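Data file: coords_13.pdb. Format and content: PDB, C-alpha atoms, pLDDT in the B column.
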ATOM      1  CA  MET Y   1     -12.647   5.279  -8.187  1.00 90.00           C
ATOM      2  CA  ASN Y   2     -12.982   3.094  -5.115  1.00 96.00           C
ATOM      3  CA  ILE Y   3     -10.582   4.149  -2.342  1.00 97.00           C
ATOM      4  CA  ILE Y   4      -9.937   1.420   0.209  1.00 98.00           C
ATOM      5  CA  GLU Y   5      -8.096   2.391   3.370  1.00 98.00           C
ATOM      6  CA  PHE Y   6      -6.266   0.060   5.743  1.00 98.00           C
ATOM      7  CA  ASP Y   7      -5.093   1.217   9.146  1.00 97.00           C
ATOM      8  CA  ILE Y   8      -2.034  -0.880   9.981  1.00 96.00           C
ATOM      9  CA  ARG Y   9      -0.634   1.502  12.568  1.00 96.00           C
ATOM     10  CA  GLY Y  10       0.949  -0.323  15.478  1.00 95.00           C
ATOM     11  CA  GLN Y  11       2.014  -3.251  13.292  1.00 93.00           C
ATOM     12  CA  MET Y  12       5.702  -4.067  12.859  1.00 91.00           C
ATOM     13  CA  CYS Y  13       7.494  -5.457   9.814  1.00 85.00           C
ATOM     14  CA  PRO Y  14       7.195  -8.032   8.433  1.00 91.00           C
ATOM     15  CA  ALA Y  15       3.512  -7.991   9.476  1.00 92.00           C
ATOM     16  CA  THR Y  16       2.907  -4.633   7.763  1.00 92.00           C
ATOM     17  CA  LEU Y  17       4.354  -5.915   4.499  1.00 93.00           C
ATOM     18  CA  LEU Y  18       2.457  -9.211   4.662  1.00 95.00           C
ATOM     19  CA  ILE Y  19      -0.870  -7.503   5.389  1.00 95.00           C
ATOM     20  CA  ALA Y  20      -0.343  -5.039   2.544  1.00 95.00           C
ATOM     21  CA  LEU Y  21       0.699  -7.700   0.035  1.00 95.00           C
ATOM     22  CA  LYS Y  22      -2.343  -9.817   0.944  1.00 97.00           C
ATOM     23  CA  GLU Y  23      -4.681  -6.875   0.321  1.00 97.00           C
ATOM     24  CA  ILE Y  24      -2.902  -5.912  -2.910  1.00 96.00           C
ATOM     25  CA  ASN Y  25      -3.407  -9.473  -4.147  1.00 95.00           C
ATOM     26  CA  ASN Y  26      -7.056  -9.450  -3.006  1.00 97.00           C
ATOM     27  CA  HIS Y  27      -7.709  -6.224  -4.933  1.00 96.00           C
ATOM     28  CA  GLY Y  28      -5.342  -6.896  -7.841  1.00 93.00           C
ATOM     29  CA  LEU Y  29      -8.052  -6.923 -10.497  1.00 94.00           C
ATOM     30  CA  SER Y  30      -9.411  -3.555  -9.364  1.00 95.00           C
ATOM     31  CA  LEU Y  31      -5.899  -2.108  -9.296  1.00 95.00           C
ATOM     32  CA  GLU Y  32      -5.208  -3.441 -12.793  1.00 92.00           C
ATOM     33  CA  LYS Y  33      -8.459  -1.948 -14.109  1.00 94.00           C
ATOM     34  CA  GLU Y  34      -7.606   1.270 -12.241  1.00 94.00           C
ATOM     35  CA  THR Y  35     -10.981   1.246 -10.509  1.00 96.00           C
ATOM     36  CA  ALA Y  36      -9.468   1.226  -7.015  1.00 97.00           C
ATOM     37  CA  LYS Y  37      -6.679   2.743  -4.951  1.00 97.00           C
ATOM     38  CA  LEU Y  38      -5.407   1.202  -1.742  1.00 98.00           C
ATOM     39  CA  ILE Y  39      -4.223   3.444   1.079  1.00 98.00           C
ATOM     40  CA  PHE Y  40      -2.229   2.022   3.970  1.00 97.00           C
ATOM     41  CA  LEU Y  41      -1.820   4.125   7.105  1.00 97.00           C
ATOM     42  CA  THR Y  42       1.302   3.148   9.041  1.00 96.00           C
ATOM     43  CA  ASP Y  43       3.553   4.446  11.766  1.00 96.00           C
ATOM     44  CA  ASN Y  44       6.270   1.895  11.004  1.00 94.00           C
ATOM     45  CA  ARG Y  45       9.192   3.565   9.255  1.00 93.00           C
ATOM     46  CA  ASP Y  46      10.585   0.228   8.011  1.00 91.00           C
ATOM     47  CA  CYS Y  47       7.412  -0.143   5.965  1.00 91.00           C
ATOM     48  CA  LEU Y  48       8.300   3.038   4.066  1.00 93.00           C
ATOM     49  CA  THR Y  49      11.041   1.199   2.187  1.00 93.00           C
ATOM     50  CA  THR Y  50       9.888  -2.431   2.118  1.00 94.00           C
ATOM     51  CA  LEU Y  51       6.346  -1.830   0.904  1.00 94.00           C
ATOM     52  CA  PRO Y  52       7.071   0.693  -1.886  1.00 95.00           C
ATOM     53  CA  GLU Y  53       9.946  -1.447  -3.166  1.00 95.00           C
ATOM     54  CA  SER Y  54       7.810  -4.598  -3.269  1.00 95.00           C
ATOM     55  CA  VAL Y  55       4.838  -2.859  -4.864  1.00 94.00           C
ATOM     56  CA  THR Y  56       6.994  -1.166  -7.499  1.00 94.00           C
ATOM     57  CA  ASN Y  57       8.469  -4.570  -8.372  1.00 94.00           C
ATOM     58  CA  MET Y  58       4.893  -5.799  -8.850  1.00 94.00           C
ATOM     59  CA  GLY Y  59       4.336  -3.011 -11.405  1.00 93.00           C
ATOM     60  CA  TYR Y  60       2.074  -0.703  -9.402  1.00 96.00           C
ATOM     61  CA  SER Y  61       2.437   2.994  -8.661  1.00 95.00           C
ATOM     62  CA  VAL Y  62       3.271   3.994  -5.096  1.00 96.00           C
ATOM     63  CA  ASN Y  63       3.046   7.345  -3.355  1.00 96.00           C
ATOM     64  CA  VAL Y  64       4.211   7.920   0.239  1.00 97.00           C
ATOM     65  CA  THR Y  65       3.148  10.996   2.180  1.00 97.00           C
ATOM     66  CA  LYS Y  66       3.782  12.004   5.770  1.00 97.00           C
ATOM     67  CA  ASN Y  67       0.678  12.942   7.703  1.00 94.00           C
ATOM     68  CA  GLU Y  68       0.499  14.555  11.104  1.00 92.00           C
ATOM     69  CA  ASN Y  69       0.743  11.299  13.076  1.00 93.00           C
ATOM     70  CA  CYS Y  70       1.464   8.594  10.492  1.00 97.00           C
ATOM     71  CA  TYR Y  71       2.471   7.864   6.911  1.00 97.00           C
ATOM     72  CA  SER Y  72       0.078   7.221   4.061  1.00 98.00           C
ATOM     73  CA  ILE Y  73       1.137   4.775   1.348  1.00 97.00           C
ATOM     74  CA  THR Y  74      -1.112   4.878  -1.717  1.00 97.00           C
ATOM     75  CA  ILE Y  75      -1.050   2.014  -4.232  1.00 97.00           C
ATOM     76  CA  SER Y  76      -2.624   2.582  -7.632  1.00 96.00           C
ATOM     77  CA  GLY Y  77      -2.433   1.898 -11.317  1.00 86.00           C
ATOM     78  CA  GLY Y  78      -2.449  -1.169 -13.477  1.00 63.00           C
ATOM     79  CA  GLN Y  79       0.532  -3.408 -13.685  1.00 55.00           C
ATOM     80  CA  GLN Y  80       3.128  -2.279 -16.185  1.00 48.00           C
TER      81      GLN Y  80
END

Could I get this file's structure written as structure tokens?
Amino acid sequence: MNIIEFDIRGQMCPATLLIALKEINNHGLSLEKETAKLIFLTDNRDCLTTLPESVTNMGYSVNVTKNENCYSITISGGQQ
């Protein structure tokens, strides 16, 4: 499993969403084949609703966890 991490801390919405969607599209084939997971590190609380909602609508799995100084949003799984 290839884990690809993106540090988008300091970015504000809609930039966080646009960056994440671009990378999800760039790695779509790997996500579909379940050979990769994308992890986005963010400190933008707005991103905690916009990104998971968008990614879920695309058919991917999303997991949000709170770390010590940021949030981690993990995107995985093939499209449903």

Query raised in the report: Pick the closest to Glu68 in chain Y from Y:Met1, Y:Val55, Y:Leu48, Y:Leu41: which is it, counting all atoms listed in the file?
Result: Y:Leu41

Requested in this report: Name the residues that the PyMOL selection byres ((chain Y and resi 33) around 10) pulls out of this structure, and write them as an MDAnalysis selection string.
Outcome: chainID Y and resid 28:32 34:36 76:79

Query raised in the report: For the file shown, what are the residues hit by the PyMOL selection byres ((chain Y and resi 8) around 7), laid out as a PyMOL selection string?
Result: chain Y and resi 6-7+9-11+16+40-42

Written file, previous selection with C-alpha atoms, as a short mmCIF file (atom, residue, chain, number, x, y, z; two decimals), in the coordinates of the input:
data_model
loop_
_atom_site.label_atom_id
_atom_site.label_comp_id
_atom_site.auth_asym_id
_atom_site.auth_seq_id
_atom_site.Cartn_x
_atom_site.Cartn_y
_atom_site.Cartn_z
CA PHE Y 6 -6.27 0.06 5.74
CA ASP Y 7 -5.09 1.22 9.15
CA ARG Y 9 -0.63 1.50 12.57
CA GLY Y 10 0.95 -0.32 15.48
CA GLN Y 11 2.01 -3.25 13.29
CA THR Y 16 2.91 -4.63 7.76
CA PHE Y 40 -2.23 2.02 3.97
CA LEU Y 41 -1.82 4.12 7.10
CA THR Y 42 1.30 3.15 9.04
#

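With the shown file loaded, the PyMOL selection byres ((chain Y and resi 73) around 7) picks out Y:Ile39, Y:Phe40, Y:Leu41, Y:Val62, Y:Asn63, Y:Val64, Y:Thr65, Y:Tyr71, Y:Ser72, Y:Thr74, Y:Ile75.
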
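Taking CA of Ser54 in chain Y and CA of Ile4 in chain Y as endpoints, the distance between them is 19.1 Å.
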
Query raised in the report: What is the CA of Lys66 in chain Y to CA of Asn26 in chain Y distance in Å?
Result: 25.6 Å

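Distance annotation: of Y:Asn2, Y:Asn57, Y:Met12, Y:Leu18, the residue with the minimal separation from Arg45 in chain Y is Y:Met12; atom set is all atoms listed in the file.
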
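Using all atoms listed in the file, the nearest neighbour of Lys37 in chain Y within the list Y:Ser61, Y:Leu21, Y:Asn67, Y:Cys13 is Y:Ser61.
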
Query - Point-to-point distance from CA of Thr56 in chain Y to CA of Lys22 in chain Y, Å rounded to tenths - result: 15.3 Å

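When only C-alpha atoms are used to compute distances to Asp43 in chain Y, the closest of the residues Y:Gly59, Y:Ile24, Y:Asn69, Y:Ile19 turns out to be Y:Asn69.
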